Amino acid sequence: MRYSAARLLWEGLKGHKGWGRAWRDPQPKPSYDVVIIGGGGHGLATAHYLSKVYGLRNVAVLEKGWIGGGNVGRNTTIIRSNYLLDGNEPFYEFSMKLWENLEQDLNYNAMVSQRGIMNLIHTDAQRDAFRRRGNAMRLHGAGSELLDADQVRKEAPFLNFDNARFPIKGALVQRRGGTVRHDAVAWGYARSADQHGVDIIQNCEVTGFRIENGKVLGVETTRGYIGAGKVGVAVAGNSSRVMAKAGMRLPIESHVLQAFVSEGLKPVIPGVITFGAGHFYVSQSDKGGLVFGGDIDGYNTYAQRGNMPVVEDVAEGGVALMPIIGRARLLRMWGGIMDMSMDGSPFIDKTHIDGLYFNGGWCYGGFKATPASGYAFAHLLATDTPHDTATAYRLDRFRSGAMIDEKGMGAQPNLH
Ligand SMILES: Cc1cc2nc3c(=O)[nH]c(=O)nc-3n(C[C@H](O)[C@H](O)[C@H](O)COP(=O)(O)OP(=O)(O)OC[C@H]3O[C@@H](n4cnc5c(N)ncnc54)[C@H](O)[C@@H]3O)c2cc1C
C-alpha cells in the first residue's frame, strides 16, 4: 500500500479502518541467500538497498528484540556531513544525499528536517581548525559557512556569548545538516525492505555461527538454525559480543551514551547547536522538547542505562552554553550502547571467514550514516567489493597504520 495525501484523505473519510500492516511477521525459513543480524537502522537499511538496488530478495533480518529498540530509536537524531578526512567526508556526504531523497525512496515520512547545524567556535585555534574543516567540506560538495560572533548572535541570541571562560567567537555551519525522526527511519526501511520480499524476524537472537572449513554456513538462533549463503553483522553496541561468537576480537569497546529531553517549550532553537568548549549538543523537537546529550559514560558496558556523573556533566555543559536551559524541566532520559572504535571511524568490511561480513564501530555518530552504511554494506554483500565511498573502512587498518582518526585523539575511544 502506497502512502499519499489522497490515501490519507480517503482513509480519514472511512475512519482509518483500511490501513494494512507496515511489515509482515514471517516465520524464519530454513535458509536464505543473505542473513543480516541486527534490526537497527543499519541492518534494515542494508536489507532495503540489498533488495531494492541489488535485486536480492531471499534475505532475512534477524533482530533479537524489536526493530528500532536499539540505538536507532535512542539517538539525538542529528544528521550532518561536516567531516574533515578523505576517508570519511565522501561517505558522509553520500549519506546526506541519500537522506535528502529518503522519504521519496521509502514512500515514508521520516521527518527529514534540514534545519542546519552550528558548531560553535570559542578560540582562535578552533576557528583555524573549523575553517580547514569547512574548506574540506566545500571541496567535497557538502557546503559550509563560517560565521562571526555577530552572525551567530542573530541566529541564536539566547547563547551565552560573553562567558568569561568560553566566549563564543563564531561558528562553522552546515545548512544541510539537521534532524530526522529516528525510529521512523527504522520503520520506513523495514516497510520498504518487507515490500521487496525481505523477511524481518523479530525476537530472534543470534546465539552462534556455524562455520566449517573457514566458511560460514548459517547462524544458530533462539528460533532454531538458519542457513545462509552470506551473513552480514550490523549489531552496533553488541558488535564485540556477537563477533566473539565467530572467534573474532574487534578493535571496539562498548560504552553507554545517554540522551535527554526537556518538557515542551515554545520554538527557541533554530537548528542543531554544538558547544565547542565542552561536550554538549542540542536541538528542539517538533513537539517542543529540547533534545540534548554530551559525553559517553567512561567505562565499558553493555547496559542500556547510564550514571549520574555524566548527567551532571551534560547539565553543566548545557547551562554554560545557554543558561536559559536551567529553567527547563527534564522530562526523559535514556541510554544506548555505543560501539566505540579505536580511531573513531567505522568498519564495513569482509572478515577472514568466507561469507561473514561486518558493519560496526559507529561510535556515537552512526545515525547520520544509516543510509550510506546500508547502501555500502549492501554493495559489499552483493558484489564482494567495497563501495567507492567506504574503501577506507577496513578491519585491517590498525595493522597497516591507515587509521582514520578524525579528531586526532589516538586510541582513546571515549574521546572520539
Ligand atoms: C543517546 C544516543 C545519542 C546518539 N545521537 C546520535 C546523533 O545525534 N547522530 C548520530 O549520527 N548518531 C547518534 N547516535 C549513534 C547512533 O544511534 C548509532 O551509531 C546507530 O544507531 C547504530 O546503528 P544501528 O541503528 O544499526 O544500531 P541499533 O539500533 O542498536 O541496531 C543494532 C540491533 O542489533 C540487535 N542485536 C544485537 N545483538 C543481536 C543478536 N545477537 N541477534 C540479533 N540481533 C541483535 C540489537 O537488538 C539492535 O536492535 C546516538 C546514540 C545514542 C545511544
# chains A, B, ... in the order shown; residues from 1 in each chain; ligands from 1
>>> select_by_dssp(residues="range 360-398 of chain A", states="helix (DSSP H, G or I)", output="NGL selection string")
:A and (370-383 or 388-390 or 397-398)
>>> write_last_selection(atoms="C-alpha atoms", output="CSV table (one decimal), in the first residue's frame")
chain,number,residue,atom,x,y,z
A,370,THR,CA,22.5,5.0,8.3
A,371,PRO,CA,21.6,5.4,4.6
A,372,ALA,CA,25.2,5.3,3.3
A,373,SER,CA,26.1,2.5,5.7
A,374,GLY,CA,23.2,0.4,4.5
A,375,TYR,CA,24.0,1.1,0.8
A,376,ALA,CA,27.7,0.4,1.2
A,377,PHE,CA,27.1,-2.8,3.2
A,378,ALA,CA,24.5,-4.0,0.6
A,379,HIS,CA,27.1,-3.2,-2.1
A,380,LEU,CA,29.7,-5.3,-0.3
A,381,LEU,CA,27.4,-8.2,0.4
A,382,ALA,CA,26.1,-8.2,-3.2
A,383,THR,CA,29.3,-7.6,-5.1
A,388,ASP,CA,33.6,3.6,-3.6
A,389,THR,CA,32.8,5.8,-0.6
A,390,ALA,CA,33.7,3.1,2.0
A,397,ARG,CA,43.6,-0.7,9.1
A,398,PHE,CA,45.2,-0.9,12.5
>>> residues_near_ligand(ligand="ligand 1", cutoff="7 Å", atoms="only C-alpha atoms and all ligand atoms", output="PyMOL selection string")
chain A and resi 37-43+62-79+204-207+234-238+242+256-259+293+334-338+362-370
>>> closest_atom_pairs(of="range 47-112 of chain A", to="range 157-174 of chain A", cutoff="9 Å", atoms="only C-alpha atoms", output="tab-separated table")
residue	atom	partner	partner_atom	distance
A:Arg80	CA	A:Gln174	CA	7.4
A:Ser81	CA	A:Gln174	CA	8.0
A:Asn82	CA	A:Gln174	CA	7.0
>>> write_last_selection(atoms="C-alpha atoms", output="tab-separated table (two decimals), in the first residue's frame")
chain	number	residue	atom	x	y	z
A	80	ARG	CA	25.40	16.12	9.16
A	81	SER	CA	28.27	15.61	6.73
A	82	ASN	CA	30.79	18.00	8.26
>>> residues_around(residues="Tyr225 in chain A", least_positions_apart="4", cutoff="10 Å", atoms="only C-alpha atoms", output="list in words")
Pro28, Lys29, Pro30, Ser31, Val206, Thr207, Gly208, Phe209, Arg210, Gly218, Val219, Glu220 and Thr221 of chain A
>>> write_last_selection(atoms="N, CA and C atoms", output="PDB file, in the first residue's frame")
ATOM      1  N   PRO A  28      10.749 -17.813  10.299  1.00  0.00           N
ATOM      2  CA  PRO A  28      12.024 -17.952   9.582  1.00  0.00           C
ATOM      3  C   PRO A  28      12.005 -19.149   8.630  1.00  0.00           C
ATOM      4  N   LYS A  29      12.584 -18.961   7.445  1.00  0.00           N
ATOM      5  CA  LYS A  29      12.745 -20.077   6.503  1.00  0.00           C
ATOM      6  C   LYS A  29      13.990 -20.871   6.905  1.00  0.00           C
ATOM      7  N   PRO A  30      14.150 -22.101   6.381  1.00  0.00           N
ATOM      8  CA  PRO A  30      15.345 -22.887   6.744  1.00  0.00           C
ATOM      9  C   PRO A  30      16.644 -22.205   6.313  1.00  0.00           C
ATOM     10  N   SER A  31      16.610 -21.469   5.191  1.00  0.00           N
ATOM     11  CA  SER A  31      17.846 -20.786   4.786  1.00  0.00           C
ATOM     12  C   SER A  31      17.527 -19.593   3.878  1.00  0.00           C
ATOM     13  N   VAL A 206      20.570 -14.124  17.600  1.00  0.00           N
ATOM     14  CA  VAL A 206      21.621 -14.998  17.081  1.00  0.00           C
ATOM     15  C   VAL A 206      22.531 -15.379  18.240  1.00  0.00           C
ATOM     16  N   THR A 207      22.673 -16.684  18.445  1.00  0.00           N
ATOM     17  CA  THR A 207      23.454 -17.157  19.593  1.00  0.00           C
ATOM     18  C   THR A 207      24.779 -17.795  19.173  1.00  0.00           C
ATOM     19  N   GLY A 208      24.958 -18.002  17.872  1.00  0.00           N
ATOM     20  CA  GLY A 208      26.218 -18.590  17.418  1.00  0.00           C
ATOM     21  C   GLY A 208      26.269 -18.661  15.903  1.00  0.00           C
ATOM     22  N   PHE A 209      27.445 -18.990  15.388  1.00  0.00           N
ATOM     23  CA  PHE A 209      27.631 -19.152  13.940  1.00  0.00           C
ATOM     24  C   PHE A 209      28.001 -20.604  13.659  1.00  0.00           C
ATOM     25  N   ARG A 210      27.516 -21.142  12.554  1.00  0.00           N
ATOM     26  CA  ARG A 210      28.010 -22.453  12.136  1.00  0.00           C
ATOM     27  C   ARG A 210      29.071 -22.192  11.050  1.00  0.00           C
ATOM     28  N   GLY A 218      25.727 -20.689   8.330  1.00  0.00           N
ATOM     29  CA  GLY A 218      24.459 -20.204   8.848  1.00  0.00           C
ATOM     30  C   GLY A 218      24.621 -19.750  10.290  1.00  0.00           C
ATOM     31  N   VAL A 219      23.470 -19.472  10.920  1.00  0.00           N
ATOM     32  CA  VAL A 219      23.521 -18.966  12.298  1.00  0.00           C
ATOM     33  C   VAL A 219      22.602 -19.782  13.207  1.00  0.00           C
ATOM     34  N   GLU A 220      23.044 -19.961  14.444  1.00  0.00           N
ATOM     35  CA  GLU A 220      22.190 -20.564  15.469  1.00  0.00           C
ATOM     36  C   GLU A 220      21.395 -19.418  16.092  1.00  0.00           C
ATOM     37  N   THR A 221      20.097 -19.635  16.278  1.00  0.00           N
ATOM     38  CA  THR A 221      19.282 -18.563  16.862  1.00  0.00           C
ATOM     39  C   THR A 221      18.341 -19.146  17.906  1.00  0.00           C
TER      40      THR A 221
END
>>> select_by_dssp(residues="range 353-410 of chain A", states="strand (DSSP E)", output="compact mmCIF listing (two decimals) with all heavy atoms, in the first residue's frame")
# COMPACT_ATOMS: atom_id res chain seq x y z
N LEU A 356 31.28 -14.16 5.82
CA LEU A 356 30.91 -13.37 7.01
C LEU A 356 31.41 -11.93 6.84
O LEU A 356 32.60 -11.70 6.61
CB LEU A 356 31.51 -13.99 8.27
CG LEU A 356 31.17 -13.29 9.59
CD1 LEU A 356 29.66 -13.29 9.85
CD2 LEU A 356 31.89 -13.95 10.77
N TYR A 357 30.49 -10.99 6.97
CA TYR A 357 30.78 -9.57 6.72
C TYR A 357 30.42 -8.78 7.97
O TYR A 357 29.47 -9.11 8.68
CB TYR A 357 29.94 -9.06 5.54
CG TYR A 357 30.19 -9.82 4.26
CD1 TYR A 357 29.69 -11.11 4.09
CD2 TYR A 357 30.92 -9.25 3.23
CE1 TYR A 357 29.93 -11.83 2.92
CE2 TYR A 357 31.16 -9.96 2.06
CZ TYR A 357 30.67 -11.25 1.91
OH TYR A 357 30.91 -11.96 0.77
N PHE A 358 31.16 -7.68 8.17
CA PHE A 358 30.95 -6.92 9.40
C PHE A 358 30.72 -5.43 9.12
O PHE A 358 31.42 -4.82 8.30
CB PHE A 358 32.16 -7.09 10.34
CG PHE A 358 32.04 -6.27 11.59
CD1 PHE A 358 31.05 -6.56 12.53
CD2 PHE A 358 32.88 -5.19 11.83
CE1 PHE A 358 30.90 -5.78 13.67
CE2 PHE A 358 32.75 -4.42 12.98
CZ PHE A 358 31.76 -4.72 13.89
N ASN A 359 29.77 -4.87 9.87
CA ASN A 359 29.44 -3.44 9.80
C ASN A 359 29.34 -2.95 11.25
O ASN A 359 28.51 -3.45 12.01
CB ASN A 359 28.08 -3.29 9.07
CG ASN A 359 27.53 -1.89 9.08
OD1 ASN A 359 27.59 -1.19 10.09
ND2 ASN A 359 26.96 -1.48 7.97
N GLY A 360 30.20 -2.03 11.67
CA GLY A 360 30.14 -1.57 13.07
C GLY A 360 31.19 -0.51 13.35
O GLY A 360 31.81 0.05 12.44
>>> atom_distance(atom1="CA of Tyr189 in chain A", atom2="CA of Asp25 in chain A")
15.1 Å
>>> closest_residue(among="A:Lys287, A:Lys407, A:Arg327, A:Lys14", to="Arg181 in chain A", atoms="only C-alpha atoms")
A:Lys287
>>> closest_residue(among="A:Ala277, A:Arg153, A:Gly229, A:Glu312", to="Ala125 in chain A", atoms="only C-alpha atoms")
A:Ala277
